[in-house]
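Participant: mmCIF, C-alpha atoms, file my_file.cif:
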data_protein
loop_
_atom_site.label_atom_id
_atom_site.label_comp_id
_atom_site.auth_asym_id
_atom_site.auth_seq_id
_atom_site.Cartn_x
_atom_site.Cartn_y
_atom_site.Cartn_z
CA GLU A 1 -24.78 -29.86 -9.91
CA SER A 2 -22.79 -26.66 -9.51
CA TYR A 3 -22.77 -26.99 -5.70
CA LEU A 4 -21.55 -30.56 -6.01
CA MET A 5 -18.75 -29.49 -8.34
CA ALA A 6 -17.81 -26.58 -6.04
CA ALA A 7 -17.79 -28.87 -3.00
CA THR A 8 -15.62 -31.38 -4.82
CA LEU A 9 -13.11 -28.73 -5.93
CA MET A 10 -12.97 -27.22 -2.44
CA SER A 11 -12.42 -30.65 -0.88
CA VAL A 12 -9.61 -31.50 -3.29
CA THR A 13 -7.98 -28.11 -2.70
CA CYS A 14 -8.32 -28.47 1.07
CA ILE A 15 -6.69 -31.89 1.07
CA ALA A 16 -3.91 -30.78 -1.28
CA VAL A 17 -3.12 -27.63 0.70
CA SER A 18 -3.26 -29.31 4.10
CA ASN A 19 -0.76 -31.93 2.95
CA CYS A 20 1.74 -29.32 1.75
CA PRO A 21 3.54 -27.71 4.73
CA ALA A 22 4.75 -24.76 2.63
CA MET A 23 1.15 -23.94 1.61
CA VAL A 24 -0.10 -24.31 5.19
CA ASP A 25 2.58 -21.86 6.37
CA LEU A 26 1.69 -19.45 3.55
CA ILE A 27 -2.05 -19.49 4.22
CA CYS A 28 -1.93 -19.80 8.01
CA PRO A 29 1.42 -18.76 9.50
CA GLU A 30 0.02 -18.95 13.06
CA CYS A 31 -1.06 -22.60 12.59
CA GLY A 32 2.48 -23.84 13.21
CA GLY A 33 2.25 -26.32 10.34
CA ASP A 34 -0.86 -28.04 11.71
CA ALA A 35 -3.64 -27.20 9.27
CA TRP A 36 -6.30 -28.99 11.31
CA HIS A 37 -5.57 -27.42 14.71
CA LEU A 38 -8.61 -25.62 16.08
CA PRO A 39 -8.31 -23.82 19.41
CA SER A 40 -11.16 -24.63 21.76
CA GLU A 41 -11.97 -20.89 21.98
CA ALA A 42 -12.78 -20.97 18.26
CA LEU A 43 -15.55 -23.56 18.55
CA TRP A 44 -18.23 -20.93 19.23
CA ALA A 45 -17.09 -18.97 16.17
CA VAL A 46 -17.23 -22.10 14.02
CA GLY A 47 -20.68 -22.94 15.36
CA TYR A 48 -21.89 -19.40 14.65
CA SER A 49 -20.48 -19.61 11.14
CA VAL A 50 -22.15 -22.92 10.42
CA VAL A 51 -25.55 -21.95 11.82
CA PHE A 52 -25.91 -18.29 10.88
CA GLN A 53 -23.62 -17.64 7.95
CA THR A 54 -24.35 -20.91 6.20
CA ILE A 55 -27.74 -22.34 7.12
CA VAL A 56 -29.59 -19.09 7.86
CA GLY A 57 -27.77 -17.27 5.06
CA TYR A 58 -28.75 -19.79 2.39
CA CYS A 59 -32.33 -19.97 3.67
CA ALA A 60 -32.57 -16.16 3.62
CA GLN A 61 -31.30 -16.06 0.05
CA ALA A 62 -33.77 -18.74 -1.03
CA TRP A 63 -36.57 -16.77 0.65
CA ALA A 64 -35.39 -13.51 -0.96
CA LEU A 65 -35.42 -15.10 -4.40
CA ARG A 66 -39.16 -15.64 -3.97
CA TYR A 67 -39.88 -11.96 -3.33
CA ALA A 68 -37.12 -9.97 -5.09
CA GLU A 69 -35.49 -10.00 -8.48
CA SER A 70 -32.60 -12.40 -8.78
CA SER A 71 -30.22 -9.61 -9.81
CA LEU A 72 -30.94 -7.74 -6.57
CA VAL A 73 -30.43 -10.89 -4.47
CA ALA A 74 -27.17 -11.63 -6.30
CA LEU A 75 -25.99 -8.05 -5.75
CA TYR A 76 -26.72 -8.30 -2.03
CA ALA A 77 -25.04 -11.69 -1.69
CA THR A 78 -21.94 -10.53 -3.57
CA THR A 79 -21.46 -7.34 -1.58
CA GLN A 80 -21.92 -8.93 1.86
CA PRO A 81 -18.15 -9.28 2.52
CA ILE A 82 -17.58 -5.62 1.69
CA PHE A 83 -20.37 -4.44 3.99
CA ALA A 84 -19.27 -6.81 6.76
CA THR A 85 -15.78 -5.33 6.56
CA GLY A 86 -17.20 -1.82 6.61
CA LEU A 87 -19.23 -2.68 9.72
CA SER A 88 -16.15 -4.14 11.41
CA CYS A 89 -14.17 -0.99 10.63
CA ALA A 90 -16.98 1.21 11.94
CA LEU A 91 -17.10 -0.77 15.19
CA LEU A 92 -13.32 -0.51 15.55
CA LEU A 93 -13.47 3.27 14.95
CA LEU A 94 -16.11 3.54 17.68
CA GLY A 95 -13.87 1.57 20.04
CA ILE A 96 -16.17 -1.45 20.10
CA ASN A 97 -14.13 -4.65 19.95
CA PRO A 98 -15.61 -7.45 22.07
CA ASN A 99 -12.83 -9.63 23.47
CA GLY A 100 -10.44 -8.24 20.87
CA SER A 101 -12.08 -10.36 18.18
CA LEU A 102 -12.16 -7.71 15.44
CA ALA A 103 -9.14 -6.73 13.39
CA TRP A 104 -8.47 -4.12 10.74
CA PRO A 105 -8.64 -5.50 7.19
CA GLY A 106 -5.35 -6.49 5.62
CA PRO A 107 -4.20 -7.05 2.07
CA GLU A 108 -6.93 -9.62 1.55
CA MET A 109 -9.32 -6.67 1.14
CA GLY A 110 -7.85 -6.36 -2.35
CA GLY A 111 -10.50 -8.94 -3.22
CA ALA A 112 -13.08 -6.17 -2.88
CA VAL A 113 -11.65 -4.68 -6.07
CA PHE A 114 -12.38 -7.93 -7.91
CA ILE A 115 -15.89 -8.04 -6.44
CA ALA A 116 -16.53 -4.50 -7.68
CA ILE A 117 -15.14 -5.29 -11.14
CA GLY A 118 -17.30 -8.42 -11.33
CA LEU A 119 -20.37 -6.41 -10.37
CA LEU A 120 -19.59 -3.79 -13.01
CA VAL A 121 -19.11 -6.40 -15.70
CA THR A 122 -22.38 -8.15 -14.88
CA THR A 123 -24.63 -5.20 -14.08
CA VAL A 124 -23.57 -2.40 -16.41
CA PRO A 125 -25.56 -2.59 -19.68
CA ASN A 126 -23.58 -4.47 -22.34
CA GLY A 127 -20.86 -5.29 -19.82
CA LEU A 128 -17.69 -3.39 -20.58
CA ARG A 129 -18.03 -3.73 -24.36
CA GLY A 130 -18.21 -0.51 -26.28
CA CYS A 131 -16.76 1.66 -23.50
CA PRO A 132 -17.49 4.31 -22.58
CA VAL A 133 -20.72 2.79 -21.35
CA ARG A 134 -23.81 4.84 -22.02
CA LEU A 135 -26.45 4.61 -19.34
CA ASP A 136 -29.51 5.66 -21.35
#
Please rewrite the model in this file as structure tokens.

Facilitator:
Amino acid sequence: ESYLMAATLMSVTCIAVSNCPAMVDLICPECGGDAWHLPSEALWAVGYSVVFQTIVGYCAQAWALRYAESSLVALYATTQPIFATGLSCALLLLGINPNGSLAWPGPEMGGAVFIAIGLLVTTVPNGLRGCPVRLD
């Protein structure tokens, strides 16, 4: 049920945003107002994303839930974007940038702060109630 609701909300948001030129320009300034334009060079990246990040990723999480505690699997799944960004930065520092496809993180990395706060709230005993938190 939750996946169906999430898919519905994402679809509605996608349609609403793609039909509002101001939002398309805000989210994708290099799209030139065409929210559905996909350069042919990007097809391999989209295919990789669909196969590995989606299908293999969900299967790996389902497999991990059989053999690890759900809190550990959730922690891993939540921190993946932060580690992926760290790996990209490490590759850039080492001068490894195949076809110029990697870029330094921008202001969107501010989301990492919210990921960290969410992890603290859900994993620290008693959440953030009764701060300072005692880790006995």

Participant: Please report, as CSV, each residue of range 28-83 of chain A lying at most 10 Å from range 6-24 of chain A, together with the nearest pair of atoms and the separation in Å rounded to one decimal; use only C-alpha atoms, and order rows by chain and ascending residue number.

Facilitator:
residue,atom,partner,partner_atom,distance
A:Cys28,CA,A:Val24,CA,5.6
A:Pro29,CA,A:Val24,CA,7.2
A:Glu30,CA,A:Val24,CA,9.5
A:Cys31,CA,A:Val24,CA,7.7
A:Gly32,CA,A:Val24,CA,8.4
A:Gly33,CA,A:Pro21,CA,5.9
A:Asp34,CA,A:Val24,CA,7.5
A:Ala35,CA,A:Ser18,CA,5.6
A:Trp36,CA,A:Ser18,CA,7.8

Participant: Would you mind exporting the chosen residues as an mmCIF file, in the coordinates of the input, restricted to C-alpha atoms?

Facilitator:
data_model
loop_
_atom_site.group_PDB
_atom_site.id
_atom_site.type_symbol
_atom_site.label_atom_id
_atom_site.label_comp_id
_atom_site.auth_asym_id
_atom_site.auth_seq_id
_atom_site.Cartn_x
_atom_site.Cartn_y
_atom_site.Cartn_z
ATOM 1 C CA CYS A 28 -1.930 -19.800 8.010
ATOM 2 C CA PRO A 29 1.420 -18.760 9.500
ATOM 3 C CA GLU A 30 0.020 -18.950 13.060
ATOM 4 C CA CYS A 31 -1.060 -22.600 12.590
ATOM 5 C CA GLY A 32 2.480 -23.840 13.210
ATOM 6 C CA GLY A 33 2.250 -26.320 10.340
ATOM 7 C CA ASP A 34 -0.860 -28.040 11.710
ATOM 8 C CA ALA A 35 -3.640 -27.200 9.270
ATOM 9 C CA TRP A 36 -6.300 -28.990 11.310
#

Participant: Identify all residues satisfying the PyMOL selection byres ((chain A and resi 112) around 12) in the given file; provide them as a list in words.

Facilitator: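 Checked against the file, the PyMOL selection byres ((chain A and resi 112) around 12) matches Thr78, Thr79, Gln80, Pro81, Ile82, Phe83, Ala84, Thr85, Gly86, Pro105, Gly106, Pro107, Glu108, Met109, Gly110, Gly111, Val113, Phe114, Ile115, Ala116, Ile117, Gly118 and Leu119 of chain A.
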
Participant: How big is the axis-aligned box around all listed atoms of range 26-32 of chain A once 4 Å goes on each side, and where's its centre, in Å to one decimal, as JSON?

Facilitator:
{"center_x": 0.2, "center_y": -21.3, "center_z": 8.4, "size_x": 12.5, "size_y": 13.1, "size_z": 17.7}

Participant: I need the residue nearest Cys89 in chain A from this list: A:Gly57, A:Leu102, A:Val51, A:Ala77. Use all atoms listed in the file for the distance.

Facilitator: A:Leu102

Participant: What is the CA of Leu72 in chain A to CA of Ala60 in chain A distance in Å?

Facilitator: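 Interatomic distance here is 13.3 Å.
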